[in-house]
>>> print(open('target.cif').read())   # mmCIF, C-alpha atoms
data_structure
loop_
_atom_site.label_atom_id
_atom_site.label_comp_id
_atom_site.auth_asym_id
_atom_site.auth_seq_id
_atom_site.Cartn_x
_atom_site.Cartn_y
_atom_site.Cartn_z
CA MET A 263 78.27 -4.35 -24.30
CA ALA A 264 77.63 -1.58 -21.80
CA GLY A 265 75.95 -1.97 -18.44
CA ILE A 266 75.20 -4.95 -16.28
CA VAL A 267 73.09 -6.67 -18.96
CA GLY A 268 76.10 -6.74 -21.31
CA PHE A 269 78.33 -8.21 -18.63
CA VAL A 270 75.78 -10.83 -17.68
CA HIS A 271 75.68 -11.79 -21.35
CA ALA A 272 79.49 -11.85 -21.49
CA PHE A 273 79.63 -14.18 -18.51
CA ASP A 274 76.97 -16.39 -20.11
CA VAL A 275 79.17 -16.65 -23.19
CA LEU A 276 82.36 -17.22 -21.18
CA GLY A 277 80.65 -19.58 -18.74
CA ASP A 278 80.74 -22.43 -21.21
CA PRO A 279 83.96 -24.52 -21.01
CA VAL A 280 83.92 -25.27 -24.74
CA ARG A 281 83.82 -21.56 -25.63
CA ARG A 282 86.54 -20.78 -23.08
CA ARG A 283 88.73 -23.48 -24.65
CA ILE A 284 88.10 -22.11 -28.13
CA LEU A 285 89.17 -18.66 -26.92
CA GLU A 286 92.32 -20.21 -25.43
CA LEU A 287 93.13 -21.72 -28.82
CA LEU A 288 92.48 -18.42 -30.55
CA ALA A 289 94.57 -16.51 -28.02
CA ALA A 290 97.60 -18.48 -29.26
CA SER A 291 96.96 -17.57 -32.91
CA GLU A 292 94.37 -17.23 -35.62
CA GLN A 293 92.92 -20.69 -36.33
CA ALA A 294 91.02 -22.33 -39.16
CA SER A 295 87.56 -23.54 -38.18
CA GLY A 296 88.52 -27.10 -39.15
CA ASP A 297 91.53 -27.06 -36.84
CA ILE A 298 89.44 -25.69 -33.98
CA SER A 299 86.79 -28.33 -34.61
CA ALA A 300 89.35 -31.14 -34.56
CA VAL A 301 90.78 -30.07 -31.18
CA ILE A 302 87.39 -29.43 -29.58
CA GLN A 303 85.87 -32.65 -30.91
CA ASP A 304 88.82 -34.60 -29.52
CA GLU A 305 88.84 -32.87 -26.13
CA PHE A 306 85.09 -32.60 -25.51
CA GLY A 307 83.66 -35.39 -27.64
CA ILE A 308 81.13 -33.15 -29.37
CA SER A 309 80.11 -33.05 -33.03
CA GLN A 310 81.39 -30.65 -35.67
CA PRO A 311 77.97 -28.93 -35.88
CA ALA A 312 78.11 -28.37 -32.11
CA VAL A 313 81.57 -26.78 -32.43
CA SER A 314 80.24 -24.59 -35.24
CA GLN A 315 77.43 -23.46 -32.95
CA HIS A 316 79.94 -22.43 -30.27
CA LEU A 317 81.97 -20.55 -32.88
CA ARG A 318 78.80 -18.76 -33.99
CA VAL A 319 78.02 -17.72 -30.40
CA LEU A 320 81.56 -16.34 -29.99
CA ARG A 321 81.32 -14.50 -33.30
CA GLU A 322 77.85 -13.05 -32.69
CA SER A 323 78.72 -11.97 -29.14
CA GLY A 324 81.82 -10.17 -30.42
CA PHE A 325 84.45 -12.37 -28.75
CA ALA A 326 85.74 -13.75 -32.05
CA SER A 327 86.01 -12.53 -35.61
CA VAL A 328 86.12 -14.59 -38.78
CA ARG A 329 87.57 -13.97 -42.21
CA ALA A 330 87.54 -16.03 -45.36
CA GLU A 331 90.76 -17.23 -46.92
CA GLY A 332 89.84 -19.25 -49.97
CA THR A 333 87.58 -22.02 -48.74
CA ARG A 334 88.84 -21.75 -45.15
CA ARG A 335 87.30 -19.66 -42.37
CA LEU A 336 89.93 -18.22 -40.04
CA TYR A 337 88.88 -17.24 -36.53
CA ALA A 338 90.66 -14.81 -34.24
CA VAL A 339 90.02 -13.36 -30.78
CA ASP A 340 88.38 -9.95 -30.70
CA ALA A 341 89.86 -8.41 -27.57
CA ALA A 342 87.36 -5.54 -27.15
CA PRO A 343 84.76 -7.50 -25.13
CA LEU A 344 87.53 -9.08 -23.04
CA ARG A 345 88.89 -5.61 -22.21
CA GLU A 346 85.40 -4.54 -21.14
CA VAL A 347 85.05 -7.57 -18.87
CA ASP A 348 88.52 -6.90 -17.46
CA ALA A 349 87.59 -3.27 -16.76
CA TRP A 350 84.43 -4.40 -14.96
CA LEU A 351 86.42 -6.93 -12.91
CA GLU A 352 88.92 -4.23 -11.89
CA ARG A 353 86.71 -3.18 -8.95
CA PHE A 354 86.98 -6.71 -7.52
CA ARG A 355 90.68 -7.28 -8.17
CA GLY A 356 91.62 -5.97 -4.73
CA PHE A 357 89.91 -8.94 -3.08
CA TRP A 358 92.29 -11.50 -4.53
CA GLU A 359 95.36 -9.24 -4.84
CA GLN A 360 95.37 -8.62 -1.08
CA ARG A 361 95.30 -12.35 -0.45
CA LEU A 362 98.06 -12.97 -2.99
CA ASP A 363 100.18 -10.24 -1.39
CA ALA A 364 99.65 -11.85 2.02
CA LEU A 365 100.59 -15.25 0.60
CA GLY A 366 103.76 -13.77 -0.88
CA THR A 367 104.67 -12.29 2.50
CA GLU A 368 104.14 -15.61 4.26
CA LEU A 369 106.19 -17.49 1.66
CA ALA A 370 109.05 -15.00 2.04
CA ARG A 371 108.83 -15.27 5.83
CA GLY A 372 109.01 -19.08 5.69
CA LYS A 373 111.94 -18.98 3.27
CA ARG A 374 113.79 -16.52 5.54
CA GLU A 375 113.12 -18.68 8.63
CA ARG A 376 114.39 -21.82 6.86
CA ARG A 377 117.53 -19.99 5.77
CA MET A 378 118.13 -18.70 9.31
CA ARG A 379 117.66 -22.20 10.80
CA LYS A 380 120.04 -23.63 8.23
CA GLU A 381 122.64 -20.96 9.00
CA ALA A 382 122.22 -21.46 12.75
CA SER A 383 122.76 -25.20 12.46
CA GLY A 384 125.86 -24.71 10.32
CA ASP A 385 124.45 -26.62 7.31
CA GLU A 386 125.50 -24.08 4.72
#
>>> encode(input="target.cif", output="structure tokens")
Amino acid sequence: MAGIVGFVHAFDVLGDPVRRRILELLAASEQASGDISAVIQDEFGISQPAVSQHLRVLRESGFASVRAEGTRRLYAVDAAPLREVDAWLERFRGFWEQRLDALGTELARGKRERRMRKEASGDE
């Protein structure tokens, strides 16, 4: 998944809320396709064939792997494409980290001011 075309494809895959939810489930642990289907059907109100289609997209795009265990199909996250997306996002991380650092500074300043007011009023 190299280059901008690969990342556009990755964001197309990850842009769907059903697929993101499936990845969240798989991030917790390997899951049987039937268990995934039950959760997704309940949460999104879609059919089992629709869930299977989303699983196929995740598998074919490299975000999930599947293995057979008897009659069950067990899905797991494949972290390689997620690492590639994370590496691509690294160049933008500074935009939100600066804002989070500034927020942390303001929160600390407010906490310090409240403590100083409390101490000054004798309400310890």
>>> residues_around(input="target.cif", residues="region 271-273 of chain A", least_positions_apart="4", cutoff="12 Å", atoms="only C-alpha atoms", output="PyMOL selection string")
chain A and resi 263-267+277-279+281-282+319-320+322-325+342-348+350-351
>>> atom_distance(input="target.cif", atom1="CA of Ala300 (chain A)", atom2="CA of Asp274 (chain A)")
24.1 Å
>>> atom_distance(input="target.cif", atom1="CA of Leu288 (chain A)", atom2="CA of Val339 (chain A)")
5.6 Å
>>> residues_near_point(input="target.cif", point="(87.1, -15.5, -36.1)", cutoff="10 Å", atoms="all atoms listed in the file", output="PDB file with C-alpha atoms, keeping the file's coordinate frame")
ATOM      1  CA  LEU A 285      89.170 -18.660 -26.920  1.00  0.00           C
ATOM      2  CA  LEU A 288      92.480 -18.420 -30.550  1.00  0.00           C
ATOM      3  CA  GLU A 292      94.370 -17.230 -35.620  1.00  0.00           C
ATOM      4  CA  GLN A 293      92.920 -20.690 -36.330  1.00  0.00           C
ATOM      5  CA  ALA A 294      91.020 -22.330 -39.160  1.00  0.00           C
ATOM      6  CA  SER A 295      87.560 -23.540 -38.180  1.00  0.00           C
ATOM      7  CA  LEU A 317      81.970 -20.550 -32.880  1.00  0.00           C
ATOM      8  CA  ARG A 318      78.800 -18.760 -33.990  1.00  0.00           C
ATOM      9  CA  LEU A 320      81.560 -16.340 -29.990  1.00  0.00           C
ATOM     10  CA  ARG A 321      81.320 -14.500 -33.300  1.00  0.00           C
ATOM     11  CA  GLY A 324      81.820 -10.170 -30.420  1.00  0.00           C
ATOM     12  CA  PHE A 325      84.450 -12.370 -28.750  1.00  0.00           C
ATOM     13  CA  ALA A 326      85.740 -13.750 -32.050  1.00  0.00           C
ATOM     14  CA  SER A 327      86.010 -12.530 -35.610  1.00  0.00           C
ATOM     15  CA  VAL A 328      86.120 -14.590 -38.780  1.00  0.00           C
ATOM     16  CA  ARG A 329      87.570 -13.970 -42.210  1.00  0.00           C
ATOM     17  CA  ALA A 330      87.540 -16.030 -45.360  1.00  0.00           C
ATOM     18  CA  ARG A 335      87.300 -19.660 -42.370  1.00  0.00           C
ATOM     19  CA  LEU A 336      89.930 -18.220 -40.040  1.00  0.00           C
ATOM     20  CA  TYR A 337      88.880 -17.240 -36.530  1.00  0.00           C
ATOM     21  CA  ALA A 338      90.660 -14.810 -34.240  1.00  0.00           C
ATOM     22  CA  VAL A 339      90.020 -13.360 -30.780  1.00  0.00           C
ATOM     23  CA  ASP A 340      88.380  -9.950 -30.700  1.00  0.00           C
TER      24      ASP A 340
END
>>> atom_distance(input="target.cif", atom1="CA of Val313 (chain A)", atom2="CA of Glu286 (chain A)")
14.4 Å
>>> closest_residue(input="target.cif", among="A:Glu375, A:Glu381, A:Thr367, A:Ile284", to="Gln315 (chain A)", atoms="all atoms listed in the file")
A:Ile284
>>> closest_residue(input="target.cif", among="A:Val280, A:Leu287, A:Phe357, A:Met378", to="Ile308 (chain A)", atoms="all atoms listed in the file")
A:Val280
>>> residues_around(input="target.cif", residues="Val301 (chain A)", least_positions_apart="3", cutoff="10 Å", atoms="all atoms listed in the file", output="JSON list (two decimals) with C-alpha atoms, in the coordinates of the input")
[["chain", "number", "residue", "atom", "x", "y", "z"],
["A", 283, "ARG", "CA", 88.73, -23.48, -24.65],
["A", 284, "ILE", "CA", 88.10, -22.11, -28.13],
["A", 287, "LEU", "CA", 93.13, -21.72, -28.82],
["A", 296, "GLY", "CA", 88.52, -27.10, -39.15],
["A", 297, "ASP", "CA", 91.53, -27.06, -36.84],
["A", 298, "ILE", "CA", 89.44, -25.69, -33.98],
["A", 304, "ASP", "CA", 88.82, -34.60, -29.52],
["A", 305, "GLU", "CA", 88.84, -32.87, -26.13],
["A", 306, "PHE", "CA", 85.09, -32.60, -25.51],
["A", 307, "GLY", "CA", 83.66, -35.39, -27.64],
["A", 313, "VAL", "CA", 81.57, -26.78, -32.43]]
>>> decode(input="target.cif", residues="region 305-359 of chain A", atoms="C-alpha atoms", output="PDB file, in the first residue's frame")
ATOM      1  CA  GLU A 305     -25.597  -2.384  16.358  1.00  0.00           C
ATOM      2  CA  PHE A 306     -26.119  -1.409  12.710  1.00  0.00           C
ATOM      3  CA  GLY A 307     -29.240  -3.341  11.737  1.00  0.00           C
ATOM      4  CA  ILE A 308     -27.662  -4.847   8.634  1.00  0.00           C
ATOM      5  CA  SER A 309     -27.929  -8.392   7.285  1.00  0.00           C
ATOM      6  CA  GLN A 310     -25.403 -11.181   7.757  1.00  0.00           C
ATOM      7  CA  PRO A 311     -24.476 -11.083   4.031  1.00  0.00           C
ATOM      8  CA  ALA A 312     -23.754  -7.351   4.398  1.00  0.00           C
ATOM      9  CA  VAL A 313     -21.470  -8.039   7.379  1.00  0.00           C
ATOM     10  CA  SER A 314     -19.730 -10.741   5.345  1.00  0.00           C
ATOM     11  CA  GLN A 315     -19.145  -8.206   2.577  1.00  0.00           C
ATOM     12  CA  HIS A 316     -17.497  -5.809   5.042  1.00  0.00           C
ATOM     13  CA  LEU A 317     -15.318  -8.631   6.362  1.00  0.00           C
ATOM     14  CA  ARG A 318     -14.308  -9.449   2.783  1.00  0.00           C
ATOM     15  CA  VAL A 319     -13.324  -5.827   2.131  1.00  0.00           C
ATOM     16  CA  LEU A 320     -11.199  -5.782   5.303  1.00  0.00           C
ATOM     17  CA  ARG A 321      -9.577  -9.089   4.364  1.00  0.00           C
ATOM     18  CA  GLU A 322      -8.897  -8.161   0.726  1.00  0.00           C
ATOM     19  CA  SER A 323      -7.518  -4.737   1.668  1.00  0.00           C
ATOM     20  CA  GLY A 324      -5.137  -6.344   4.160  1.00  0.00           C
ATOM     21  CA  PHE A 325      -6.648  -4.901   7.352  1.00  0.00           C
ATOM     22  CA  ALA A 326      -7.842  -8.292   8.601  1.00  0.00           C
ATOM     23  CA  SER A 327      -6.729 -11.878   8.266  1.00  0.00           C
ATOM     24  CA  VAL A 328      -8.834 -15.011   8.537  1.00  0.00           C
ATOM     25  CA  ARG A 329      -8.045 -18.572   9.487  1.00  0.00           C
ATOM     26  CA  ALA A 330     -10.174 -21.668   9.625  1.00  0.00           C
ATOM     27  CA  GLU A 331     -10.708 -23.523  12.867  1.00  0.00           C
ATOM     28  CA  GLY A 332     -12.995 -26.432  12.139  1.00  0.00           C
ATOM     29  CA  THR A 333     -16.144 -24.936  10.661  1.00  0.00           C
ATOM     30  CA  ARG A 334     -15.464 -21.499  12.157  1.00  0.00           C
ATOM     31  CA  ARG A 335     -13.659 -18.615  10.468  1.00  0.00           C
ATOM     32  CA  LEU A 336     -11.600 -16.582  12.914  1.00  0.00           C
ATOM     33  CA  TYR A 337     -10.735 -12.997  12.011  1.00  0.00           C
ATOM     34  CA  ALA A 338      -7.888 -10.931  13.416  1.00  0.00           C
ATOM     35  CA  VAL A 339      -6.485  -7.455  12.790  1.00  0.00           C
ATOM     36  CA  ASP A 340      -3.515  -7.268  10.461  1.00  0.00           C
ATOM     37  CA  ALA A 341      -1.567  -4.322  11.848  1.00  0.00           C
ATOM     38  CA  ALA A 342       0.706  -3.706   8.828  1.00  0.00           C
ATOM     39  CA  PRO A 343      -1.692  -1.414   6.919  1.00  0.00           C
ATOM     40  CA  LEU A 344      -2.554   0.424  10.147  1.00  0.00           C
ATOM     41  CA  ARG A 345       1.157   1.052  10.784  1.00  0.00           C
ATOM     42  CA  GLU A 346       1.482   2.446   7.257  1.00  0.00           C
ATOM     43  CA  VAL A 347      -1.461   4.793   7.793  1.00  0.00           C
ATOM     44  CA  ASP A 348      -0.001   5.839  11.151  1.00  0.00           C
ATOM     45  CA  ALA A 349       3.364   6.567   9.517  1.00  0.00           C
ATOM     46  CA  TRP A 350       1.641   8.689   6.862  1.00  0.00           C
ATOM     47  CA  LEU A 351      -0.322  10.578   9.540  1.00  0.00           C
ATOM     48  CA  GLU A 352       2.893  11.302  11.462  1.00  0.00           C
ATOM     49  CA  ARG A 353       3.549  14.422   9.357  1.00  0.00           C
ATOM     50  CA  PHE A 354       0.224  15.874  10.530  1.00  0.00           C
ATOM     51  CA  ARG A 355       0.449  14.874  14.189  1.00  0.00           C
ATOM     52  CA  GLY A 356       2.051  18.191  15.130  1.00  0.00           C
ATOM     53  CA  PHE A 357      -1.147  20.042  14.269  1.00  0.00           C
ATOM     54  CA  TRP A 358      -3.182  18.409  17.016  1.00  0.00           C
ATOM     55  CA  GLU A 359      -0.328  17.762  19.471  1.00  0.00           C
TER      56      GLU A 359
END
